[in-house]
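J.: Coordinates in work_8.cif, mmCIF, C-alpha atoms, are listed below.
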data_input
#
loop_
_atom_site.label_atom_id
_atom_site.label_comp_id
_atom_site.auth_asym_id
_atom_site.auth_seq_id
_atom_site.Cartn_x
_atom_site.Cartn_y
_atom_site.Cartn_z
CA MET A 3 -15.66 -5.37 11.49
CA ARG A 4 -14.12 -8.86 11.38
CA ASN A 5 -13.69 -8.77 7.57
CA TYR A 6 -11.77 -5.49 7.84
CA THR A 7 -9.14 -6.29 10.45
CA PHE A 8 -5.38 -6.48 9.99
CA LEU A 9 -5.78 -10.26 9.80
CA SER A 10 -7.88 -9.96 6.64
CA MET A 11 -5.20 -7.65 5.25
CA PHE A 12 -2.65 -10.32 6.21
CA ARG A 13 -4.46 -12.94 4.15
CA LYS A 14 -5.02 -10.47 1.34
CA TYR A 15 -1.31 -9.95 0.69
CA VAL A 16 -0.19 -13.57 0.85
CA ASN A 17 -0.70 -14.50 -2.82
CA SER A 18 0.49 -11.14 -4.09
CA SER A 19 3.89 -11.66 -2.46
CA LEU A 20 4.50 -14.72 -4.65
CA ILE A 21 3.48 -12.74 -7.73
CA LEU A 22 5.92 -9.98 -6.76
CA ILE A 23 8.78 -12.47 -6.50
CA ILE A 24 8.00 -13.91 -9.95
CA VAL A 25 7.63 -10.47 -11.56
CA THR A 26 10.90 -9.26 -9.99
CA ILE A 27 12.80 -12.29 -11.33
CA VAL A 28 11.28 -11.84 -14.79
CA ALA A 29 12.18 -8.13 -14.81
CA MET A 30 15.80 -8.94 -13.89
CA ILE A 31 16.02 -11.56 -16.65
CA VAL A 32 14.47 -9.34 -19.33
CA ALA A 33 16.58 -6.29 -18.37
CA ASN A 34 19.79 -8.29 -18.80
CA SER A 35 18.81 -10.24 -21.92
CA GLY A 36 18.71 -9.38 -25.58
CA TRP A 37 15.45 -7.56 -24.90
CA GLY A 38 17.13 -5.22 -22.40
CA ASP A 39 17.24 -2.18 -24.68
CA ALA A 40 13.58 -2.66 -25.69
CA TYR A 41 12.68 -3.08 -21.99
CA ARG A 42 14.36 0.19 -21.04
CA SER A 43 13.03 2.15 -24.03
CA LEU A 44 9.48 0.96 -23.32
CA TRP A 45 9.28 3.09 -20.18
CA GLU A 46 10.09 6.26 -22.16
CA LYS A 47 6.98 5.96 -24.36
CA PRO A 48 4.54 8.87 -23.86
CA VAL A 49 1.14 8.32 -22.26
CA SER A 50 -1.79 10.67 -22.77
CA PHE A 51 -5.52 10.93 -22.13
CA SER A 52 -6.65 14.03 -23.98
CA ILE A 53 -9.88 15.93 -24.45
CA GLY A 54 -9.20 18.81 -26.84
CA ASN A 55 -6.09 20.57 -25.58
CA PHE A 56 -6.38 19.11 -22.08
CA ASN A 57 -4.18 16.08 -21.35
CA LEU A 58 -4.88 14.51 -17.97
CA PHE A 59 -1.53 12.68 -17.97
CA SER A 60 0.69 15.70 -18.47
CA HIS A 61 3.12 17.71 -16.40
CA GLY A 62 4.06 21.17 -17.53
CA LYS A 63 2.20 20.54 -20.84
CA GLU A 64 4.48 17.55 -21.52
CA SER A 65 2.94 14.07 -21.67
CA LEU A 66 4.04 11.69 -18.94
CA SER A 67 6.28 8.83 -19.95
CA LEU A 68 5.06 5.31 -19.23
CA MET A 69 7.47 5.17 -16.26
CA ASP A 70 6.09 8.46 -14.94
CA PHE A 71 2.54 7.19 -15.43
CA ILE A 72 3.34 4.10 -13.35
CA ASN A 73 5.24 5.94 -10.62
CA ASP A 74 2.97 8.99 -10.43
CA PHE A 75 -0.53 7.75 -11.30
CA LEU A 76 -0.66 4.02 -10.58
CA MET A 77 1.28 4.49 -7.35
CA ALA A 78 -1.18 7.23 -6.39
CA LEU A 79 -3.84 4.49 -6.51
CA PHE A 80 -1.61 2.36 -4.27
CA PHE A 81 -1.27 5.19 -1.75
CA PHE A 82 -5.03 5.84 -2.01
CA SER A 83 -5.55 2.23 -0.91
CA VAL A 84 -2.99 2.67 1.88
CA GLY A 85 -4.76 5.87 2.95
CA LEU A 86 -8.10 4.08 3.18
CA GLU A 87 -6.52 1.36 5.33
CA ILE A 88 -4.86 3.91 7.60
CA LYS A 89 -8.10 5.86 8.06
CA ARG A 90 -10.05 2.69 8.87
CA GLU A 91 -7.46 1.54 11.39
CA ILE A 92 -7.40 4.99 13.01
CA LEU A 93 -11.19 4.93 13.35
CA VAL A 94 -11.86 1.37 14.49
CA GLY A 95 -8.73 -0.75 14.23
CA GLU A 96 -5.26 -1.19 15.66
CA LEU A 97 -4.47 2.53 15.46
CA SER A 98 -7.71 3.60 17.14
CA THR A 99 -6.24 3.85 20.64
CA LEU A 100 -2.81 4.85 21.90
CA LYS A 101 -2.52 1.59 23.83
CA LYS A 102 -2.98 -0.51 20.68
CA ALA A 103 -0.83 1.63 18.39
CA LEU A 104 2.05 2.67 20.65
CA LEU A 105 4.39 -0.34 20.31
CA PRO A 106 4.30 -0.63 16.48
CA ILE A 107 4.54 3.16 16.13
CA ILE A 108 7.59 3.27 18.41
CA GLY A 109 9.09 0.34 16.50
CA ALA A 110 8.35 2.06 13.17
CA CYS A 111 10.06 5.25 14.36
CA GLY A 112 13.20 3.27 15.22
CA GLY A 113 12.90 1.37 11.96
CA MET A 114 12.94 4.65 10.05
CA ALA A 115 15.50 6.59 12.10
CA ILE A 116 18.32 4.01 12.35
CA PRO A 117 18.41 3.07 8.62
CA VAL A 118 18.50 6.76 7.69
CA LEU A 119 21.37 7.27 10.17
CA ILE A 120 23.27 4.25 8.77
CA PHE A 121 22.81 5.50 5.21
CA PHE A 122 24.06 8.95 6.18
CA LEU A 123 27.11 7.57 7.99
CA THR A 124 27.95 4.96 5.34
CA CYS A 125 27.41 6.94 2.16
CA PRO A 126 30.14 9.36 1.01
CA ASP A 127 29.51 13.03 1.69
CA ASP A 128 28.13 13.64 -1.79
CA ALA A 129 24.98 15.73 -2.28
CA LEU A 130 23.72 13.60 -5.18
CA MET A 131 24.21 10.32 -3.32
CA LEU A 132 22.59 11.68 -0.15
CA ARG A 133 19.37 12.33 -2.08
CA GLY A 134 18.59 8.67 -1.37
CA THR A 135 18.95 8.83 2.41
CA ALA A 136 15.29 7.81 2.93
CA ILE A 137 15.44 4.72 0.66
CA PRO A 138 15.99 2.06 3.39
CA MET A 139 13.35 3.39 5.79
CA ALA A 140 10.37 1.44 4.35
CA THR A 141 9.01 -2.05 5.07
CA ASP A 142 7.26 -3.87 2.23
CA ILE A 143 3.96 -5.08 3.64
CA ALA A 144 3.32 -7.69 0.94
CA PHE A 145 6.70 -9.41 1.16
CA SER A 146 7.03 -9.25 4.96
CA LEU A 147 3.55 -10.62 5.62
CA GLY A 148 4.08 -13.16 2.85
CA VAL A 149 7.12 -14.60 4.65
CA LEU A 150 5.25 -14.64 7.96
CA SER A 151 2.31 -16.43 6.33
CA MET A 152 4.56 -19.39 5.50
CA PHE A 153 4.36 -20.42 9.16
CA GLY A 154 0.55 -20.49 9.21
CA LYS A 155 -1.06 -21.01 12.61
CA ARG A 156 2.30 -21.23 14.36
CA VAL A 157 2.46 -17.42 14.38
CA PRO A 158 0.90 -15.75 17.46
CA ILE A 159 -1.86 -13.33 16.55
CA GLY A 160 -0.02 -10.50 18.34
CA LEU A 161 2.99 -10.83 16.02
CA LYS A 162 0.78 -10.69 12.94
CA ILE A 163 -0.92 -7.53 14.15
CA PHE A 164 2.39 -5.94 15.22
CA LEU A 165 4.04 -6.48 11.82
CA ALA A 166 1.00 -5.33 9.84
CA THR A 167 0.53 -2.22 11.98
CA LEU A 168 4.24 -1.37 11.84
CA ALA A 169 4.26 -1.73 8.03
CA VAL A 170 1.29 0.66 7.73
CA ALA A 171 3.00 3.15 10.09
CA ASP A 172 6.12 2.83 7.92
CA ASP A 173 4.04 3.63 4.85
CA LEU A 174 2.69 6.72 6.59
CA GLY A 175 6.25 7.79 7.44
CA GLY A 176 7.26 7.24 3.82
CA ILE A 177 4.33 9.34 2.64
CA LEU A 178 5.39 12.23 4.90
CA VAL A 179 9.00 11.99 3.66
CA ILE A 180 7.83 12.07 0.04
CA ALA A 181 5.60 15.09 0.72
CA VAL A 182 8.31 17.07 2.53
CA PHE A 183 11.56 16.13 0.77
CA TYR A 184 10.59 15.10 -2.75
CA SER A 185 8.52 18.07 -3.81
CA SER A 186 9.87 20.41 -6.47
CA GLU A 187 9.30 24.10 -7.15
CA LEU A 188 5.77 24.97 -6.03
CA HIS A 189 3.20 26.45 -8.41
CA LEU A 190 0.64 28.35 -6.36
CA GLN A 191 -2.03 28.34 -9.06
CA TYR A 192 -2.29 24.55 -9.10
CA LEU A 193 -2.04 24.42 -5.31
CA ALA A 194 -5.06 26.73 -5.19
CA TYR A 195 -6.97 24.43 -7.57
CA ALA A 196 -6.14 21.45 -5.35
CA GLY A 197 -7.25 23.39 -2.26
CA ILE A 198 -10.62 24.27 -3.83
CA LEU A 199 -11.20 20.66 -4.84
CA LEU A 200 -10.34 19.43 -1.35
CA VAL A 201 -12.85 21.91 0.10
CA ILE A 202 -15.49 20.41 -2.20
CA LEU A 203 -14.55 16.93 -0.96
CA ALA A 204 -14.77 18.13 2.64
CA ILE A 205 -18.23 19.58 2.01
CA GLY A 206 -19.31 16.33 0.38
CA ASN A 207 -18.08 14.38 3.37
CA ARG A 208 -19.80 16.78 5.75
CA ARG A 209 -23.06 16.55 3.80
CA HIS A 210 -22.85 12.74 3.86
CA VAL A 211 -22.43 12.35 0.11
CA ILE A 212 -21.84 8.62 -0.29
CA SER A 213 -21.43 8.47 -4.08
CA LYS A 214 -18.05 6.80 -4.71
CA MET A 215 -17.90 8.38 -8.16
CA PHE A 216 -18.01 11.83 -6.54
CA TYR A 217 -14.79 11.14 -4.63
CA ILE A 218 -13.11 9.32 -7.54
CA VAL A 219 -13.73 12.04 -10.14
CA ILE A 220 -12.81 14.96 -7.91
CA GLY A 221 -9.90 12.97 -6.49
CA THR A 222 -8.54 12.47 -10.02
CA PHE A 223 -8.44 16.22 -10.57
CA VAL A 224 -6.82 16.69 -7.15
CA TRP A 225 -4.12 14.30 -8.41
CA TYR A 226 -3.70 16.33 -11.63
CA SER A 227 -3.47 19.60 -9.68
CA LEU A 228 -0.85 18.26 -7.27
CA LEU A 229 1.09 16.70 -10.17
CA ASN A 230 1.49 20.15 -11.66
CA SER A 231 1.85 22.00 -8.36
CA GLY A 232 5.29 20.66 -7.46
CA ILE A 233 4.06 18.43 -4.62
CA HIS A 234 4.53 14.78 -5.51
CA ALA A 235 1.33 13.50 -7.09
CA THR A 236 1.11 10.29 -5.04
CA ILE A 237 0.32 12.40 -1.96
CA ALA A 238 -3.08 13.06 -3.58
CA GLY A 239 -4.01 9.41 -3.04
CA VAL A 240 -3.58 9.63 0.73
CA VAL A 241 -5.16 13.07 1.07
CA VAL A 242 -8.27 12.13 -0.92
CA ALA A 243 -8.63 8.86 1.01
CA PHE A 244 -9.08 10.77 4.26
CA PHE A 245 -12.14 12.56 2.81
CA VAL A 246 -13.92 9.32 1.83
CA PRO A 247 -16.78 8.76 4.32
CA ALA A 248 -16.54 5.87 6.75
CA ARG A 249 -20.23 6.16 7.65
CA PRO A 250 -22.71 4.09 5.58
CA GLY A 251 -25.83 5.67 4.09
CA VAL A 252 -28.11 3.10 5.76
CA SER A 253 -27.65 1.38 9.11
CA ALA A 254 -27.37 -2.41 9.17
CA LEU A 255 -30.49 -2.65 11.36
CA HIS A 256 -32.52 -0.54 8.92
CA PHE A 257 -31.25 -2.67 6.01
CA VAL A 258 -32.30 -5.94 7.70
CA LYS A 259 -35.81 -4.55 8.29
CA HIS A 260 -35.95 -3.30 4.71
CA LEU A 261 -34.74 -6.67 3.39
CA ARG A 262 -37.36 -8.63 5.34
CA ASN A 263 -40.09 -6.32 4.09
CA LYS A 264 -39.04 -6.70 0.45
CA ILE A 265 -38.64 -10.49 0.72
CA ASN A 266 -42.12 -10.80 2.21
CA ARG A 267 -43.49 -8.79 -0.72
CA PHE A 268 -41.56 -10.75 -3.36
CA PRO A 269 -44.06 -12.40 -5.78
CA ILE A 270 -42.58 -15.87 -6.24
CA ASP A 271 -45.21 -17.10 -8.73
CA GLN A 272 -44.56 -14.34 -11.31
CA ALA A 273 -41.29 -15.84 -12.66
CA THR A 274 -41.49 -17.79 -15.92
CA THR A 275 -39.22 -20.82 -16.38
CA ASN A 276 -39.03 -22.82 -19.62
CA HIS A 277 -38.04 -26.47 -20.13
CA LYS A 278 -34.34 -25.52 -20.44
CA GLY A 279 -34.28 -23.95 -16.99
CA THR A 280 -34.19 -20.34 -18.24
CA THR A 281 -35.95 -18.04 -15.77
CA ILE A 282 -37.51 -14.71 -16.76
CA LEU A 283 -38.40 -12.42 -13.84
CA SER A 284 -41.35 -10.07 -13.90
CA ASN A 285 -40.85 -6.30 -13.85
CA GLU A 286 -42.08 -6.20 -10.26
CA GLN A 287 -39.57 -8.85 -9.20
CA ILE A 288 -36.74 -7.02 -10.96
CA MET A 289 -37.64 -3.72 -9.28
CA LEU A 290 -37.74 -5.34 -5.83
CA LEU A 291 -34.35 -7.03 -6.35
CA LYS A 292 -32.79 -3.78 -7.61
CA ASN A 293 -34.20 -1.98 -4.59
CA ILE A 294 -32.58 -4.57 -2.29
CA GLU A 295 -29.29 -4.27 -4.20
CA HIS A 296 -29.34 -0.47 -3.88
CA ALA A 297 -30.04 -0.69 -0.16
CA SER A 298 -27.26 -3.24 0.39
CA ASP A 299 -24.81 -1.00 -1.46
CA ARG A 300 -25.71 1.90 0.85
CA THR A 301 -25.19 -0.30 3.93
CA ILE A 302 -21.43 -0.58 3.18
CA SER A 303 -19.58 2.67 3.76
CA PRO A 304 -17.79 4.21 0.75
CA LEU A 305 -14.46 3.78 2.59
CA GLN A 306 -14.86 0.03 3.08
CA ASP A 307 -16.43 -0.48 -0.34
CA LEU A 308 -13.57 1.28 -2.15
CA GLU A 309 -10.96 -0.47 -0.04
CA ASP A 310 -12.45 -3.84 -0.93
CA ALA A 311 -12.86 -2.92 -4.62
CA LEU A 312 -9.21 -1.80 -4.89
CA GLN A 313 -7.81 -4.94 -3.26
CA ASN A 314 -7.39 -7.05 -6.39
CA PRO A 315 -6.40 -4.26 -8.82
CA ILE A 316 -3.68 -3.06 -6.43
CA ASN A 317 -2.35 -6.51 -5.52
CA TYR A 318 -2.53 -8.12 -8.93
CA PHE A 319 -1.98 -5.22 -11.31
CA VAL A 320 -0.60 -1.98 -9.84
CA ILE A 321 2.16 -3.45 -7.66
CA PRO A 322 3.25 -6.14 -10.16
CA VAL A 323 3.42 -3.54 -12.96
CA PHE A 324 5.41 -1.23 -10.68
CA ALA A 325 7.76 -4.09 -9.79
CA PHE A 326 8.26 -5.09 -13.42
CA ALA A 327 9.05 -1.50 -14.40
CA ASN A 328 11.39 -0.77 -11.50
CA ALA A 329 13.07 -4.05 -10.54
CA GLY A 330 14.93 -4.51 -13.83
CA VAL A 331 18.42 -3.71 -12.57
CA ASN A 332 20.93 -3.58 -15.42
CA LEU A 333 23.82 -5.74 -14.20
CA GLU A 334 26.14 -4.73 -17.04
CA GLY A 335 29.20 -3.08 -15.55
CA ILE A 336 28.02 -3.83 -12.00
CA SER A 337 30.44 -5.69 -9.75
CA MET A 338 30.56 -6.50 -6.06
CA ASP A 339 32.08 -3.06 -5.60
CA SER A 340 28.61 -1.64 -6.29
CA LEU A 341 27.37 -3.44 -3.17
CA LEU A 342 30.44 -2.75 -1.06
CA ASN A 343 30.63 1.00 -1.59
CA GLY A 344 28.50 4.11 -1.84
CA VAL A 345 24.73 3.99 -2.26
CA GLY A 346 24.52 0.22 -2.75
CA LEU A 347 26.25 -0.51 0.56
CA ALA A 348 24.33 2.22 2.41
CA VAL A 349 20.95 0.88 1.26
CA PHE A 350 21.97 -2.75 1.91
CA LEU A 351 23.10 -2.03 5.48
CA GLY A 352 20.12 0.22 6.12
CA LEU A 353 17.70 -2.58 5.27
CA ALA A 354 19.55 -5.71 6.40
CA VAL A 355 20.89 -4.21 9.64
CA GLY A 356 19.33 -0.81 10.31
CA LYS A 357 15.67 -1.81 10.12
CA PHE A 358 16.10 -4.72 12.52
CA VAL A 359 18.28 -2.76 14.96
CA GLY A 360 15.94 0.23 14.90
CA VAL A 361 12.67 -1.68 15.33
CA PHE A 362 13.96 -4.08 17.97
CA SER A 363 15.98 -1.60 20.04
CA PHE A 364 13.23 1.03 20.19
CA SER A 365 10.61 -1.62 21.01
CA TRP A 366 12.81 -3.29 23.64
CA LEU A 367 13.49 0.05 25.33
CA ALA A 368 9.78 0.97 25.35
CA VAL A 369 8.87 -2.39 26.94
CA LYS A 370 11.66 -2.20 29.53
CA LEU A 371 10.62 1.33 30.50
CA GLY A 372 7.08 0.11 31.03
CA PHE A 373 5.42 2.19 28.30
CA VAL A 374 4.08 -0.86 26.45
CA GLN A 375 3.97 -4.66 26.62
CA LEU A 376 5.05 -7.32 24.15
CA PRO A 377 2.34 -8.34 21.66
CA GLN A 378 -0.18 -10.95 22.78
CA GLY A 379 1.18 -14.51 22.78
CA CYS A 380 4.80 -13.76 21.87
CA ASN A 381 8.17 -13.77 23.64
CA TRP A 382 11.45 -11.96 23.03
CA LYS A 383 12.79 -14.71 20.75
CA ASN A 384 9.97 -14.70 18.22
CA PHE A 385 9.57 -10.92 18.52
CA PHE A 386 13.30 -10.61 17.76
CA SER A 387 12.75 -12.86 14.72
CA VAL A 388 9.82 -10.93 13.26
CA CYS A 389 11.74 -7.66 13.62
CA MET A 390 14.18 -9.07 11.06
CA LEU A 391 11.40 -9.18 8.46
CA THR A 392 10.99 -5.41 8.66
CA GLY A 393 14.18 -5.13 6.58
CA ILE A 394 12.29 -6.38 3.52
CA GLY A 395 11.91 -3.04 1.81
CA PHE A 396 10.76 -3.34 -1.78
CA THR A 397 7.80 -1.33 -3.11
CA VAL A 398 8.17 1.97 -1.23
CA SER A 399 11.99 1.69 -1.15
CA MET A 400 12.08 1.26 -4.93
CA PHE A 401 9.67 4.16 -5.24
CA ILE A 402 11.82 6.48 -3.12
CA ALA A 403 14.92 5.35 -5.07
CA ASP A 404 13.23 6.44 -8.29
CA LEU A 405 12.31 9.79 -6.73
CA SER A 406 15.92 10.22 -5.63
CA TYR A 407 17.87 9.35 -8.76
CA TYR A 408 15.57 8.87 -11.77
CA ASN A 409 16.01 11.14 -14.78
CA ILE A 410 18.99 13.16 -13.48
CA GLY A 411 21.63 12.07 -15.97
CA ILE A 412 24.06 9.20 -16.35
CA GLU A 413 25.36 9.45 -12.79
CA GLY A 414 21.80 9.34 -11.50
CA SER A 415 21.11 6.18 -13.54
CA THR A 416 24.19 4.50 -12.05
CA LEU A 417 23.17 5.47 -8.52
CA LEU A 418 19.63 4.23 -9.16
CA ASN A 419 20.98 0.85 -10.29
CA ASP A 420 23.20 0.67 -7.20
CA ALA A 421 20.28 1.58 -4.95
CA LYS A 422 18.04 -1.08 -6.53
CA LEU A 423 20.79 -3.67 -6.13
CA GLY A 424 21.09 -2.71 -2.45
CA ILE A 425 17.30 -2.96 -2.03
CA LEU A 426 17.13 -6.41 -3.62
CA CYS A 427 20.11 -7.83 -1.72
CA GLY A 428 19.16 -6.23 1.59
CA SER A 429 15.58 -7.47 1.28
CA ILE A 430 16.72 -11.01 0.44
CA VAL A 431 19.10 -11.11 3.43
CA ALA A 432 16.42 -9.74 5.77
CA GLY A 433 13.77 -12.12 4.44
CA VAL A 434 15.92 -15.25 4.58
CA SER A 435 17.33 -14.35 8.01
CA GLY A 436 13.85 -13.64 9.35
CA TRP A 437 12.56 -16.95 8.00
CA ILE A 438 15.42 -18.89 9.61
CA LEU A 439 14.93 -17.16 12.95
CA LEU A 440 11.16 -17.66 12.89
CA ALA A 441 11.58 -21.34 12.00
CA ALA A 442 13.80 -21.75 15.05
CA HIS A 443 11.82 -19.68 17.55
CA LEU A 444 8.11 -20.07 16.72
CA PRO A 445 6.11 -22.78 18.50
CA ARG A 446 6.43 -26.20 16.84
CA GLN A 447 2.68 -26.80 16.99
CA ASP A 448 -0.21 -24.80 15.55
CA LEU A 449 -1.73 -22.39 18.03
CA GLY A 450 -5.31 -23.39 17.18
CA GLU A 451 -8.27 -22.00 15.32
CA HIS A 452 -8.60 -19.01 17.67
CA ASN A 453 -5.40 -17.66 16.16
CA GLU A 454 -7.02 -17.17 12.77
CA ASP A 455 -9.31 -14.27 13.62
CA LEU A 456 -9.37 -11.46 16.07
CA PRO A 457 -11.71 -12.05 19.00
#
Show me this structure written as structure tokens.
T.:
Amino acid sequence: MRNYTFLSMFRKYVNSSLILIIVTIVAMIVANSGWGDAYRSLWEKPVSFSIGNFNLFSHGKESLSLMDFINDFLMALFFFSVGLEIKREILVGELSTLKKALLPIIGACGGMAIPVLIFFLTCPDDALMLRGTAIPMATDIAFSLGVLSMFGKRVPIGLKIFLATLAVADDLGGILVIAVFYSSELHLQYLAYAGILLVILAIGNRRHVISKMFYIVIGTFVWYSLLNSGIHATIAGVVVAFFVPARPGVSALHFVKHLRNKINRFPIDQATTNHKGTTILSNEQIMLLKNIEHASDRTISPLQDLEDALQNPINYFVIPVFAFANAGVNLEGISMDSLLNGVGLAVFLGLAVGKFVGVFSFSWLAVKLGFVQLPQGCNWKNFFSVCMLTGIGFTVSMFIADLSYYNIGIEGSTLLNDAKLGILCGSIVAGVSGWILLAAHLPRQDLGEHNEDLP
């Protein structure tokens, strides 16, 4: 399982964090340049994938806009990836036992509760503004781990695991909030369709169906059913992920025996090579190699195979596209008042102050009461420092901001801009502060090669 630990996830997100920074800056520049109007109108273009009268990308018989397609469909893929990671960690990783998971889960609870409380207390008592109460509760896993990665081997392994686990728990909390508070009027017919499809997925899982296409195709129609049911469509990604089998079709031991048998039978002398080095395999050789390939594919579980296959598309396409579409804050008419009052201030304080206070205070109390211990190899100073990074809330915070204020009139557009400004400023303050604290409190020397991988 070494290739599927939180440390591999840590390395996976490092490069994507730099891409996110670049895309965010570009979106801000374009949104406030002469191309601003074209940038904003682009997201209103309709998107469709139709067969006869059926349009997969439609809601209430209306085609999704490009913005809706990004926020509802592409982000469903993101949450599908998150769901696969959560399931894997529950089965064999850092969430597999209460002892491993308790500290980051307690920290995540504090990191969600305190920012929500700060938002509620800071924001005026206005029903429209309070729709965004959940915006500052999320930690962006890519950005936070990206900042931590800048310190390389100076970071104790326990801190890396704590931050990664907490970010995943935060994502799970965000998913629950979206499911409960951001659903619209329910349509029972489509809920019934989704239920039937989920039963089919459950039967497939029970019968050990390992075809990835089976789960992808049916999962797509689960997404369509939930999109039209009133439950937010991104929830489909997480729900479907939990039905993807974690058990491979062939055991590793059986595969090794099979591989040795096929290699021993491989006719080396049947290949034809010309003077240019071109090699033509015989039909028998091709069949043996395809048989080995098929067996190796069945040795990797569908869960791990899909998680690995989604890694690059999510990191280098889905999240950057989402960032480019959502980070373009229109600064026209925005002053410092937007950050010192209302939604902007509430989101800023929730991220820059609330996340740190919530994560650290809940964790400190749990340690002092003897429920848990500090992560391996860290002390209160560097633990204090890494808690600051949890205030970097970008992807899921932006997503919840869109759910809260998008497409509800001029006032909603203003509040959405204010919320995005608060997210950007709060995340920058948390990231820079966390970096400064880590630079001061982490060990000056590398901790050695053993810190690179889990034992």
J.: Excluding Phe121 in chain A and any residue of its chain fewer than 5 positions from it, enumerate the residues within 10 Å of it, using all atoms listed in the file, and give them as an MDAnalysis selection string.
T.: chainID A and resid 116 126 131:132 134:139 344:353 356
J.: Please produce a file of the residues just selected, as a PDB file, in the frame of the given file, where the atoms kept are C-alpha atoms.
T.:
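Below is the file again26.pdb, written as the result:
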ATOM      1  CA  ILE A 116      18.320   4.010  12.350  1.00  0.00           C
ATOM      2  CA  PRO A 126      30.140   9.360   1.010  1.00  0.00           C
ATOM      3  CA  MET A 131      24.210  10.320  -3.320  1.00  0.00           C
ATOM      4  CA  LEU A 132      22.590  11.680  -0.150  1.00  0.00           C
ATOM      5  CA  GLY A 134      18.590   8.670  -1.370  1.00  0.00           C
ATOM      6  CA  THR A 135      18.950   8.830   2.410  1.00  0.00           C
ATOM      7  CA  ALA A 136      15.290   7.810   2.930  1.00  0.00           C
ATOM      8  CA  ILE A 137      15.440   4.720   0.660  1.00  0.00           C
ATOM      9  CA  PRO A 138      15.990   2.060   3.390  1.00  0.00           C
ATOM     10  CA  MET A 139      13.350   3.390   5.790  1.00  0.00           C
ATOM     11  CA  GLY A 344      28.500   4.110  -1.840  1.00  0.00           C
ATOM     12  CA  VAL A 345      24.730   3.990  -2.260  1.00  0.00           C
ATOM     13  CA  GLY A 346      24.520   0.220  -2.750  1.00  0.00           C
ATOM     14  CA  LEU A 347      26.250  -0.510   0.560  1.00  0.00           C
ATOM     15  CA  ALA A 348      24.330   2.220   2.410  1.00  0.00           C
ATOM     16  CA  VAL A 349      20.950   0.880   1.260  1.00  0.00           C
ATOM     17  CA  PHE A 350      21.970  -2.750   1.910  1.00  0.00           C
ATOM     18  CA  LEU A 351      23.100  -2.030   5.480  1.00  0.00           C
ATOM     19  CA  GLY A 352      20.120   0.220   6.120  1.00  0.00           C
ATOM     20  CA  LEU A 353      17.700  -2.580   5.270  1.00  0.00           C
ATOM     21  CA  GLY A 356      19.330  -0.810  10.310  1.00  0.00           C
TER      22      GLY A 356
END
J.: Within 10 Å of range 74-79 of chain A, counting only C-alpha atoms, which residues show up once you throw out same-chain ones fewer than 4 positions away? Write them as a PyMOL selection string, please.
T.: chain A and resi 59+66+68-70+83-85+222+225-226+229+234-240+243+312+315-316+319-321+323-324+397-398+401
J.: Between A:Asn328, A:Ser340, A:Ser429, A:Ser387, which has the minimum distance to Val25 in chain A (counting all atoms listed in the file)?
T.: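 Looking only at the distances to Val25 in chain A, the closest residue turns out to be A:Asn328.
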J.: At what distance in Å, to one decimal, does CA of Ser303 in chain A lie from CA of Arg249 in chain A?
T.: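 Rounded to one decimal, the two atoms are 5.3 Å apart.
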J.: Using the chain letters and numbers from the file, give me the residues hit by the PyMOL selection byres ((chain A and resi 329) around 9), as a PyMOL selection string.
T.: chain A and resi 25-27+29-30+33+324-328+330-331+400+422-423+426
J.: Could you jot down the CA of Leu405 in chain A to CA of Ile180 in chain A separation for me, Å, one decimal place?
T.: 8.4 Å
J.: Between A:Leu199, A:Ala181, A:Ile425, A:Ile394, which is the closest to Ile143 in chain A once you count only C-alpha atoms?
T.: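 Checking each of A:Leu199, A:Ala181, A:Ile425, A:Ile394 against Ile143 in chain A, counting only C-alpha atoms, the winner is A:Ile394.
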J.: Nearest residue to Tyr407 in chain A out of A:Leu200, A:Pro269, A:Ala129, A:Ala169, using all atoms listed in the file?
T.: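 Smallest separation from Tyr407 in chain A among the options: A:Ala129.
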